[in-house]
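The data block below is structure.txt; it holds compact mmCIF, C-alpha atoms.
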# COMPACT_ATOMS: atom_id res chain seq x y z
CA MET M 219 24.95 -13.37 10.62
CA ASN M 220 25.28 -9.89 9.20
CA LEU M 221 22.88 -8.13 6.87
CA LEU M 222 24.98 -8.61 3.77
CA GLN M 223 25.27 -12.35 4.37
CA ALA M 224 21.51 -12.64 4.86
CA CYS M 225 20.69 -10.65 1.73
CA THR M 226 23.23 -12.58 -0.34
CA ILE M 227 21.63 -15.89 0.63
CA ILE M 228 18.18 -14.55 -0.27
CA GLU M 229 19.41 -13.10 -3.58
CA ASN M 230 21.12 -16.35 -4.57
CA ALA M 231 17.86 -18.22 -4.02
CA ARG M 232 15.59 -15.58 -5.55
CA LYS M 233 15.68 -16.66 -9.22
CA ASP M 234 12.99 -14.56 -10.97
CA ALA M 235 10.98 -13.76 -7.85
CA VAL M 236 10.06 -10.10 -7.35
CA LEU M 237 12.07 -8.49 -4.56
CA VAL M 238 10.47 -5.75 -2.43
CA ALA M 239 13.02 -4.30 -0.05
CA THR M 240 13.24 -1.34 2.29
CA MET M 241 15.68 0.48 4.56
CA GLY M 242 19.03 -1.23 5.26
CA ALA M 243 18.19 -4.32 3.24
CA MET M 244 17.55 -2.17 0.17
CA PHE M 245 21.10 -0.83 0.31
CA ALA M 246 22.50 -4.31 0.99
CA PHE M 247 20.76 -5.61 -2.14
CA ASP M 248 22.15 -2.64 -4.06
CA GLY M 249 25.60 -3.65 -2.84
CA ILE M 250 25.26 -7.13 -4.33
CA LYS M 251 23.74 -5.67 -7.51
CA ALA M 252 20.27 -7.20 -7.21
CA ALA M 253 18.52 -6.38 -10.48
CA GLN M 254 14.95 -6.37 -11.81
CA PRO M 255 12.46 -7.65 -10.91
CA ARG M 256 12.62 -5.49 -7.80
CA ILE M 257 11.15 -2.40 -6.16
CA SER M 258 12.06 -0.49 -3.03
CA SER M 259 9.73 1.08 -0.50
CA VAL M 260 11.67 4.33 -0.14
CA PRO M 261 11.49 6.72 1.50
CA LEU M 262 8.54 4.97 3.07
CA MET M 263 9.04 2.94 6.22
CA GLY M 264 6.38 0.31 6.66
CA GLY M 265 5.19 0.12 3.06
CA ALA M 266 7.07 -2.94 1.81
CA ALA M 267 4.72 -5.72 2.94
CA SER M 268 1.57 -4.10 1.54
CA LEU M 269 3.32 -3.18 -1.70
CA GLY M 270 4.38 -6.81 -1.95
CA LEU M 271 0.87 -7.98 -1.16
CA GLY M 272 -0.56 -6.01 -4.06
CA LEU M 273 2.02 -7.59 -6.36
CA ALA M 274 1.30 -11.04 -4.93
CA ILE M 275 -2.44 -10.68 -5.56
CA ALA M 276 -1.86 -9.49 -9.12
CA GLU M 277 0.83 -12.09 -9.88
CA PRO M 278 -0.31 -15.30 -8.16
CA LEU M 279 1.98 -17.50 -10.27
CA ARG M 280 5.11 -15.57 -9.31
CA LYS M 281 6.93 -15.55 -5.97
CA ILE M 282 7.03 -12.20 -4.17
CA ILE M 283 9.80 -11.72 -1.61
CA VAL M 284 9.55 -8.87 0.89
CA VAL M 285 12.62 -7.96 2.94
CA ASP M 286 11.39 -5.68 5.70
CA GLY M 287 13.05 -3.96 8.64
CA ASP M 288 12.06 -4.57 12.25
CA ALA M 289 11.16 -0.93 12.96
CA SER M 290 9.37 -0.78 9.58
CA LEU M 291 7.26 -3.79 10.45
CA LEU M 292 6.44 -2.29 13.84
CA MET M 293 5.00 0.76 12.06
CA GLN M 294 2.52 -1.45 10.22
CA LEU M 295 1.95 -4.45 12.46
CA GLY M 296 -1.65 -4.59 11.30
CA GLY M 297 -0.23 -5.32 7.87
CA LEU M 298 0.42 -8.87 9.07
CA ALA M 299 -3.35 -9.34 9.33
CA THR M 300 -3.90 -7.63 5.97
CA VAL M 301 -1.54 -10.18 4.39
CA ALA M 302 -3.02 -13.10 6.34
CA ASP M 303 -6.56 -12.16 5.27
CA ARG M 304 -5.59 -12.85 1.65
CA GLN M 305 -3.42 -15.93 2.38
CA PRO M 306 -1.15 -15.36 -0.63
CA ALA M 307 0.63 -18.67 -1.26
CA ASN M 308 3.35 -16.88 -3.25
CA PHE M 309 4.33 -14.43 -0.49
CA VAL M 310 7.56 -14.69 1.53
CA HIS M 311 8.10 -11.99 4.15
CA PHE M 312 11.54 -11.63 5.72
CA VAL M 313 12.15 -9.20 8.57
CA VAL M 314 15.68 -8.11 9.34
CA ARG M 315 15.94 -7.88 13.10
CA ASN M 316 18.86 -5.78 14.29
CA GLY M 317 17.10 -3.96 17.13
CA ALA M 318 18.22 -0.57 15.91
CA GLN M 319 16.97 2.42 13.93
CA PHE M 320 19.34 4.52 11.81
CA THR M 321 21.52 1.48 11.89
CA GLY M 322 25.23 2.12 11.63
CA VAL M 323 24.72 5.84 12.21
CA ALA M 324 23.10 6.24 15.61
CA ASN M 325 21.68 2.79 16.43
CA LEU M 326 18.64 4.11 18.27
CA ALA M 327 16.87 1.27 20.06
CA THR M 328 13.82 -0.28 18.39
CA PRO M 329 10.75 -0.42 20.67
CA ALA M 330 10.18 -3.73 22.46
CA GLU M 331 13.45 -5.20 21.21
CA SER M 332 13.93 -7.06 24.46
CA CYS M 333 10.58 -8.81 24.34
CA VAL M 334 8.85 -8.78 20.93
CA ASP M 335 8.52 -12.05 19.00
CA TYR M 336 8.11 -11.20 15.31
CA ALA M 337 7.70 -14.76 14.08
CA GLY M 338 5.19 -15.32 16.87
CA LEU M 339 3.23 -12.23 15.81
CA ALA M 340 3.15 -13.43 12.22
CA ALA M 341 1.98 -16.90 13.24
CA ALA M 342 -0.71 -15.42 15.47
CA ALA M 343 -1.86 -13.14 12.65
CA GLY M 344 -2.38 -16.13 10.38
CA TYR M 345 0.80 -16.63 8.34
CA ARG M 346 0.94 -20.24 7.27
CA ARG M 347 4.66 -20.89 7.94
CA THR M 348 7.13 -19.04 10.16
CA TYR M 349 10.88 -19.40 10.63
CA ARG M 350 13.56 -17.79 12.75
CA PHE M 351 17.27 -17.85 11.85
CA GLU M 352 20.23 -16.45 13.75
CA ASP M 353 23.18 -17.63 11.67
CA GLU M 354 23.95 -17.79 7.97
CA THR M 355 24.56 -21.54 7.96
CA ALA M 356 21.04 -22.28 9.15
CA LEU M 357 19.51 -19.77 6.75
CA ALA M 358 21.46 -21.20 3.81
CA ALA M 359 20.46 -24.73 4.77
CA HIS M 360 16.73 -23.87 4.81
CA ILE M 361 16.43 -21.18 2.14
CA ASP M 362 15.15 -23.54 -0.59
CA GLU M 363 12.48 -24.88 1.79
CA VAL M 364 11.53 -21.30 2.73
CA MET M 365 11.20 -20.25 -0.90
CA SER M 366 9.47 -23.32 -2.26
CA GLY M 367 6.74 -23.94 0.32
CA GLY M 368 3.26 -22.45 0.32
CA GLY M 369 2.78 -19.14 2.03
CA PRO M 370 2.20 -16.70 3.40
CA THR M 371 5.61 -17.38 4.90
CA PHE M 372 7.39 -15.26 7.50
CA VAL M 373 11.10 -15.37 8.28
CA GLU M 374 12.71 -13.51 11.18
CA LEU M 375 16.41 -12.95 10.57
CA ARG M 376 18.51 -12.01 13.57
CA VAL M 377 21.43 -9.96 12.26
CA VAL M 378 24.25 -8.26 14.11
CA THR M 379 24.08 -4.49 14.45
CA PRO M 380 27.14 -2.71 13.07
CA PRO M 381 28.71 -0.15 15.41
CA PRO M 382 27.40 3.41 15.11
CA ILE M 383 29.41 6.12 13.39
CA PRO M 384 27.76 9.27 14.72
CA GLY M 385 28.04 12.49 12.81
CA ALA M 386 29.54 11.74 9.44
CA PRO M 387 26.53 10.54 7.37
CA THR M 388 24.31 13.49 8.32
CA LYS M 389 26.82 15.87 6.74
CA MET M 390 25.81 14.49 3.34
CA GLU M 391 22.60 15.75 1.71
CA ILE M 392 20.05 13.04 0.92
CA PRO M 393 20.33 12.58 -2.87
CA ASP M 394 17.37 13.18 -5.20
CA MET M 395 17.50 9.54 -6.24
CA GLN M 396 16.33 8.52 -2.78
CA PHE M 397 13.00 10.21 -3.59
CA GLN M 398 12.85 9.15 -7.23
CA ARG M 399 13.86 5.52 -7.13
CA MET M 400 10.51 4.00 -6.12
CA GLY M 401 8.93 5.54 -9.20
CA VAL M 402 11.83 4.59 -11.46
CA GLU M 403 11.76 1.03 -10.16
CA ALA M 404 7.95 0.86 -10.37
CA ARG M 405 8.06 1.68 -14.06
CA ALA M 406 10.91 -0.75 -14.68
CA LEU M 407 9.14 -3.51 -12.74
CA SER M 408 5.89 -2.86 -14.58
CA THR M 409 7.68 -3.25 -17.91
CA TRP M 410 9.52 -6.36 -16.70
CA LEU M 411 6.27 -7.99 -15.60
CA GLN M 412 4.67 -7.29 -18.97
CA GLU M 413 7.66 -8.79 -20.78
CA HIS M 414 7.67 -11.86 -18.54
CA ALA M 415 3.93 -12.40 -18.29
CA ARG M 416 2.70 -15.68 -16.81
CA GLY M 417 -0.64 -17.39 -16.90
CA MET H 844 -39.46 20.14 -9.21
CA GLY H 845 -38.48 17.23 -6.96
CA GLU H 846 -36.17 17.39 -3.98
CA ARG H 847 -32.51 16.81 -4.83
CA ASN H 848 -31.36 13.29 -3.88
CA PHE H 849 -27.83 13.23 -2.51
CA ASN H 850 -27.74 9.49 -1.88
CA ILE H 851 -26.16 8.13 -5.05
CA PRO H 852 -27.15 4.47 -5.49
CA ALA H 853 -24.46 1.87 -4.91
CA SER H 854 -25.45 0.39 -8.26
CA GLY H 855 -24.47 3.67 -9.93
CA TYR H 856 -21.01 3.49 -8.38
CA LEU H 857 -20.60 -0.13 -9.40
CA GLU H 858 -21.59 0.60 -12.98
CA ALA H 859 -19.06 3.45 -13.11
CA LEU H 860 -16.33 1.23 -11.68
CA ARG H 861 -17.19 -1.51 -14.16
CA ARG H 862 -17.02 0.74 -17.20
CA ASN H 863 -13.63 2.05 -16.01
CA GLY H 864 -12.22 -1.46 -15.83
CA VAL H 865 -11.79 -1.53 -12.04
CA ASP H 866 -10.92 -5.05 -10.91
CA HIS H 867 -9.95 -4.62 -7.22
CA PHE H 868 -11.82 -2.83 -4.40
CA VAL H 869 -9.09 -2.09 -1.83
CA THR H 870 -10.54 -0.71 1.33
CA VAL H 871 -10.65 0.32 4.92
CA PRO H 872 -14.44 0.52 5.29
CA ASP H 873 -16.20 3.86 5.37
CA TRP H 874 -19.51 4.67 7.08
CA VAL H 875 -20.52 6.99 4.24
CA GLN H 876 -20.08 4.23 1.66
CA LEU H 877 -21.74 1.39 3.60
CA GLY H 878 -24.32 0.86 0.87
CA LEU H 879 -21.50 0.30 -1.62
CA HIS H 880 -19.53 -1.87 0.81
CA ASP H 881 -22.61 -4.02 1.35
CA ARG H 882 -22.89 -4.71 -2.36
CA VAL H 883 -19.20 -5.51 -2.74
CA GLU H 884 -19.18 -7.75 0.34
CA ARG H 885 -22.01 -9.76 -1.20
CA GLY H 886 -19.88 -10.29 -4.30
CA VAL H 887 -19.59 -8.43 -7.57
CA GLU H 888 -18.35 -10.36 -10.58
CA GLY H 889 -14.95 -9.16 -11.73
CA LEU H 890 -14.35 -7.05 -8.61
CA ALA H 891 -12.07 -8.59 -5.97
CA LEU H 892 -12.31 -7.26 -2.43
CA VAL H 893 -9.06 -6.56 -0.54
CA ARG H 894 -9.58 -5.68 3.13
CA CYS H 895 -6.82 -3.64 4.77
CA CYS H 896 -6.19 -2.76 8.40
CA ASN H 897 -5.33 0.85 7.67
CA GLU H 898 -5.14 3.31 4.81
CA ASP H 899 -1.34 3.22 4.44
CA GLN H 900 -1.71 -0.44 3.63
CA ALA H 901 -4.60 0.21 1.26
CA VAL H 902 -2.54 2.72 -0.74
CA CYS H 903 0.47 0.38 -0.92
CA VAL H 904 -1.62 -2.65 -1.91
CA SER H 905 -3.21 -0.55 -4.64
CA ALA H 906 0.26 0.52 -5.78
CA GLY H 907 1.42 -3.09 -6.07
CA LEU H 908 -1.70 -3.97 -8.05
CA ARG H 909 -1.17 -1.00 -10.38
CA ILE H 910 2.48 -1.86 -11.00
CA ALA H 911 1.38 -5.34 -12.02
CA GLY H 912 -1.20 -4.01 -14.47
CA LYS H 913 -4.38 -4.21 -12.41
CA LYS H 914 -6.86 -1.40 -11.87
CA PRO H 915 -7.80 -0.94 -8.22
CA VAL H 916 -9.96 1.67 -6.55
CA THR H 917 -8.96 2.64 -3.00
CA VAL H 918 -12.01 3.17 -0.81
CA VAL H 919 -11.57 5.03 2.49
CA GLN H 920 -13.08 7.92 4.43
CA ASN H 921 -11.81 11.44 5.10
CA GLN H 922 -10.21 10.47 8.42
CA GLY H 923 -8.38 7.66 6.65
CA LEU H 924 -7.07 9.97 3.99
CA TYR H 925 -5.66 12.24 6.67
CA ALA H 926 -4.01 9.19 8.25
CA CYS H 927 -2.13 8.15 5.10
CA ILE H 928 -0.83 11.45 3.76
CA ASN H 929 2.81 10.37 3.87
CA THR H 930 2.02 7.22 1.91
CA ILE H 931 0.15 9.27 -0.70
CA ARG H 932 3.23 11.52 -0.88
CA ALA H 933 5.56 8.55 -1.42
CA VAL H 934 3.46 6.34 -3.67
CA GLY H 935 1.18 8.75 -5.48
CA LEU H 936 3.32 11.87 -5.81
CA ASP H 937 6.99 10.83 -5.64
CA ALA H 938 6.54 7.49 -7.41
CA SER H 939 3.79 8.86 -9.72
CA LEU H 940 1.43 5.92 -9.38
CA PRO H 941 -2.16 6.58 -10.46
CA ILE H 942 -4.04 5.66 -7.30
CA VAL H 943 -7.74 6.53 -7.53
CA PHE H 944 -9.63 7.03 -4.26
CA LEU H 945 -13.25 7.10 -3.23
CA VAL H 946 -13.25 9.17 -0.02
CA GLY H 947 -16.38 9.46 2.09
CA GLN H 948 -17.12 12.77 3.84
CA PHE H 949 -17.71 11.23 7.26
CA GLY H 950 -19.43 13.60 9.67
CA ARG H 951 -20.84 15.99 7.10
CA GLU H 952 -23.94 17.79 8.31
CA PHE H 953 -27.03 16.93 6.25
CA SER H 954 -27.66 20.66 5.98
CA ASN H 955 -24.32 20.96 4.17
CA PHE H 956 -25.29 18.54 1.39
CA GLY H 957 -25.17 20.42 -1.89
CA HIS H 958 -23.29 23.33 -0.31
CA GLU H 959 -19.62 24.18 0.06
CA PRO H 960 -17.90 21.69 2.40
CA SER H 961 -15.83 24.63 3.66
CA LEU H 962 -19.02 25.85 5.37
CA SER H 963 -19.16 22.74 7.52
CA ALA H 964 -18.53 23.35 11.21
CA ARG H 965 -16.53 20.14 11.41
CA ASN H 966 -12.81 19.95 10.74
CA THR H 967 -13.18 16.35 9.55
CA VAL H 968 -15.26 17.65 6.65
CA LYS H 969 -13.95 21.10 5.88
CA LEU H 970 -10.25 20.23 5.88
CA LEU H 971 -10.45 17.56 3.19
CA GLU H 972 -10.34 19.77 0.10
CA PRO H 973 -7.71 22.18 1.50
CA VAL H 974 -5.52 19.21 2.41
CA LEU H 975 -5.86 17.78 -1.10
CA ASN H 976 -5.08 21.20 -2.57
CA ALA H 977 -2.00 21.45 -0.37
CA LEU H 978 -0.85 18.07 -1.61
CA GLY H 979 -1.55 19.01 -5.22
CA VAL H 980 -3.95 16.08 -5.56
CA LYS H 981 -6.85 16.72 -7.93
CA PHE H 982 -10.33 15.90 -6.68
CA TRP H 983 -13.92 15.68 -7.88
CA ARG H 984 -17.07 16.00 -5.78
CA LEU H 985 -19.81 13.39 -6.08
CA GLU H 986 -22.90 15.15 -4.77
CA ASP H 987 -25.71 13.47 -6.70
CA GLU H 988 -26.26 10.90 -9.42
CA SER H 989 -25.54 13.38 -12.20
CA ASP H 990 -21.92 13.53 -10.95
CA LEU H 991 -21.15 9.87 -11.64
CA GLY H 992 -19.42 10.80 -14.90
CA ARG H 993 -16.73 12.41 -12.76
CA ILE H 994 -15.57 8.90 -11.86
CA ASP H 995 -14.65 8.43 -15.54
CA GLU H 996 -12.88 11.80 -15.51
CA ALA H 997 -10.87 10.85 -12.44
CA PHE H 998 -9.69 7.52 -13.85
CA ALA H 999 -8.84 9.11 -17.21
CA TYR H 1000 -6.87 11.85 -15.44
CA ALA H 1001 -5.00 9.39 -13.20
CA ASP H 1002 -4.07 7.18 -16.14
CA ARG H 1003 -3.07 10.10 -18.37
CA GLU H 1004 -1.06 12.02 -15.80
CA SER H 1005 0.16 9.12 -13.62
CA ARG H 1006 -1.11 10.99 -10.58
CA PRO H 1007 -3.43 10.16 -7.71
CA ALA H 1008 -7.04 11.27 -8.05
CA VAL H 1009 -9.69 11.61 -5.36
CA LEU H 1010 -13.45 11.26 -5.74
CA ILE H 1011 -15.21 12.77 -2.73
CA VAL H 1012 -18.38 10.95 -1.74
CA GLY H 1013 -20.42 13.75 -0.26
CA ALA H 1014 -23.35 11.86 1.25
CA PRO H 1015 -24.18 8.29 2.28
CA THR H 1016 -24.42 6.01 -0.72
CA GLY H 1017 -27.82 4.53 -1.43
CA TRP H 1018 -28.28 0.84 -0.67
CA ASN H 1019 -29.99 0.28 -4.01
Reformat the file's structure so that it appears as structure tokens.
Amino acid sequence: MNLLQACTIIENARKDAVLVATMGAMFAFDGIKAAQPRISSVPLMGGAASLGLGLAIAEPLRKIIVVDGDASLLMQLGGLATVADRQPANFVHFVVRNGAQFTGVANLATPAESCVDYAGLAAAAGYRRTYRFEDETALAAHIDEVMSGGGPTFVELRVVTPPPIPGAPTKMEIPDMQFQRMGVEARALSTWLQEHARG
Amino acid sequence: MGERNFNIPASGYLEALRRNGVDHFVTVPDWVQLGLHDRVERGVEGLALVRCCNEDQAVCVSAGLRIAGKKPVTVVQNQGLYACINTIRAVGLDASLPIVFLVGQFGREFSNFGHEPSLSARNTVKLLEPVLNALGVKFWRLEDESDLGRIDEAFAYADRESRPAVLIVGAPTGWN
């Protein structure tokens, strides 16, 4: 499965759940025009799960979907225990596993790619349900079960790593929007949550 | 004239948090604020405790709560603030979320109580205010009970300006 396929399956099942995405998944969701309610942890590797946890605590009647990166999760592995301590039933945590950092540009190896077991780590930390999918057919077949069951739920998605294209992307300046979008989306999400209040 | 008491009672902090509408106590525990932690661990009506494994997580959890309309306080110590500077940059400064911190001055010499923290011999203590100044994060010192009104100032500032605000707990909180 590739990243776009994985994100499309998640987006099609999302309904009005809040999406918290980071890194490559954030851009994939942009590509399929994922709209509010959503927020991106950018530029902030490792922040997505805890940002989602805060939303999940504040909005217990609404599903919160985090789509994390593997290297991002590794930066905040303790965050699995922070989530598990609260046992948010409305929390679904996907991690996109491609084994690479700066994916599609340099594909630098992620630490422990040959041996780490993300779903195993989540289960050991105290997540209630864990899944692991390697192809889009299996993910599509189980996505409703993943989304509807009680959490915290963790889903490891094995996606193929696109080939690197060294050089070209670093010739473009990082746009201002990369540094502004979390704030823009935070304000938009805050307004959306007020307009769609539950409970 | 009595001796100045630097140990602000935990009950004073809780009353200030209550009147500012704080509903979540998001924390990586701090030695300086153990008296306050003890009270919160035993349960305070209307104040939910969220335990985090590190300060990056505490800042992000607080951000999520804020976005959804809650009013957290983020309780850490000086070492923890140093550890999460990039997250403060992203969430507090770039995204303009009003995260309010209580930061304990771990390691402060008792002889420094009531004096300039810059006179401390310990980097852990004396670097806190310069670091906050470098970040452009406004801070208030809590040195004795008469400073508790600064908690109201910090929350009002954070709400008004959509900026992070730091309350520096200068001495161990009282257990009363």
Closest contacts (chain H/chain M, max 6 Å, all atoms listed in the file) as JSON lines:
{"residue": "H:Cys895", "atom": "CA", "partner": "M:Thr300", "partner_atom": "CA", "distance": 5.1}
{"residue": "H:Cys896", "atom": "CA", "partner": "M:Gly296", "partner_atom": "CA", "distance": 5.7}
{"residue": "H:Gln900", "atom": "CA", "partner": "M:Ser268", "partner_atom": "CA", "distance": 5.3}
{"residue": "H:Cys903", "atom": "CA", "partner": "M:Leu269", "partner_atom": "CA", "distance": 4.6}
{"residue": "H:Val904", "atom": "CA", "partner": "M:Gly272", "partner_atom": "CA", "distance": 4.1}
{"residue": "H:Gly907", "atom": "CA", "partner": "M:Gly272", "partner_atom": "CA", "distance": 4.1}
{"residue": "H:Leu908", "atom": "CA", "partner": "M:Gly272", "partner_atom": "CA", "distance": 4.6}
{"residue": "H:Ile910", "atom": "CA", "partner": "M:Ser408", "partner_atom": "CA", "distance": 5.0}
{"residue": "H:Ala911", "atom": "CA", "partner": "M:Ser408", "partner_atom": "CA", "distance": 5.7}
{"residue": "H:Ala938", "atom": "CA", "partner": "M:Gly401", "partner_atom": "CA", "distance": 3.6}
File of the preceding selection, C-alpha atoms, as a PDB file, in the coordinates of the input:
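Now in part17.pdb:
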ATOM      1  CA  CYS H 895      -6.820  -3.640   4.770  1.00  0.00           C
ATOM      2  CA  CYS H 896      -6.190  -2.760   8.400  1.00  0.00           C
ATOM      3  CA  GLN H 900      -1.710  -0.440   3.630  1.00  0.00           C
ATOM      4  CA  CYS H 903       0.470   0.380  -0.920  1.00  0.00           C
ATOM      5  CA  VAL H 904      -1.620  -2.650  -1.910  1.00  0.00           C
ATOM      6  CA  GLY H 907       1.420  -3.090  -6.070  1.00  0.00           C
ATOM      7  CA  LEU H 908      -1.700  -3.970  -8.050  1.00  0.00           C
ATOM      8  CA  ILE H 910       2.480  -1.860 -11.000  1.00  0.00           C
ATOM      9  CA  ALA H 911       1.380  -5.340 -12.020  1.00  0.00           C
ATOM     10  CA  ALA H 938       6.540   7.490  -7.410  1.00  0.00           C
TER      11      ALA H 938
END
Selection: 12 Å around M:Ala235, all atoms listed in the file, excl. self and same-chain fewer than 5 positions, as number ranges by chain: M: 228-230, 252-257, 270, 273-274, 277-284, 308-310, 365-366, 407, 410-411, 414
Minimum-distance residue to M:Ala340, chosen among M:Glu354, M:Ala302, M:Val377, M:Ala307 (using all atoms listed in the file): M:Ala302
Contacts of stretch 967-974 of chain H within 12 Å, all atoms listed in the file, excl. fewer than 3 positions in-chain, as number ranges by chain: H: 920-928, 931, 946-953, 955-956, 958-964, 977-984, 1009-1014
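Interatomic distance, atom CA of M:Pro329 against atom CA of M:Phe312: 18.7 Å.
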Which residues of stretch 889-1005 of chain H have any atom within 10 Å of an atom in stretch 844-851 of chain H when counting all atoms listed in the file, and what is the closest pair of atoms for each, with the distance in Å to one decimal? Order the rows by chain and rising number and write it as a tab-separated table.
residue	atom	partner	partner_atom	distance
H:Phe953	CA	H:Phe849	CA	9.5
H:Phe956	CA	H:Phe849	CA	7.1
H:Gly957	CA	H:Phe849	CA	7.7
H:Leu985	CA	H:Ile851	CA	8.3
H:Glu986	CA	H:Phe849	CA	5.8
H:Asp987	CA	H:Phe849	CA	4.7
H:Glu988	CA	H:Ile851	CA	5.2
H:Ser989	CA	H:Ile851	CA	8.9
H:Asp990	CA	H:Ile851	CA	9.1
H:Leu991	CA	H:Ile851	CA	8.5
Would you save the residues from that selection as a PDB file, in the frame of the given file, using C-alpha atoms?
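What follows is the written file selection.pdb:
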ATOM      1  CA  PHE H 953     -27.030  16.930   6.250  1.00  0.00           C
ATOM      2  CA  PHE H 956     -25.290  18.540   1.390  1.00  0.00           C
ATOM      3  CA  GLY H 957     -25.170  20.420  -1.890  1.00  0.00           C
ATOM      4  CA  LEU H 985     -19.810  13.390  -6.080  1.00  0.00           C
ATOM      5  CA  GLU H 986     -22.900  15.150  -4.770  1.00  0.00           C
ATOM      6  CA  ASP H 987     -25.710  13.470  -6.700  1.00  0.00           C
ATOM      7  CA  GLU H 988     -26.260  10.900  -9.420  1.00  0.00           C
ATOM      8  CA  SER H 989     -25.540  13.380 -12.200  1.00  0.00           C
ATOM      9  CA  ASP H 990     -21.920  13.530 -10.950  1.00  0.00           C
ATOM     10  CA  LEU H 991     -21.150   9.870 -11.640  1.00  0.00           C
TER      11      LEU H 991
END
Separation of atom CA of M:Val323 from atom CA of M:Gly385, in Å and rounded to one decimal: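 Taking atom CA of M:Val323 as the start and atom CA of M:Gly385 as the end point, the length is 7.5 Å.
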Distance in Å - atom CA of M:Thr379 versus atom CA of M:Val238: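 Atom CA of M:Val238 lies 21.7 Å from atom CA of M:Thr379.
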Residues within 8 Å of H:Phe944, all atoms listed in the file, excluding chain neighbours under 3 positions, as a ChimeraX atom specification: /H:916-919,1007-1010
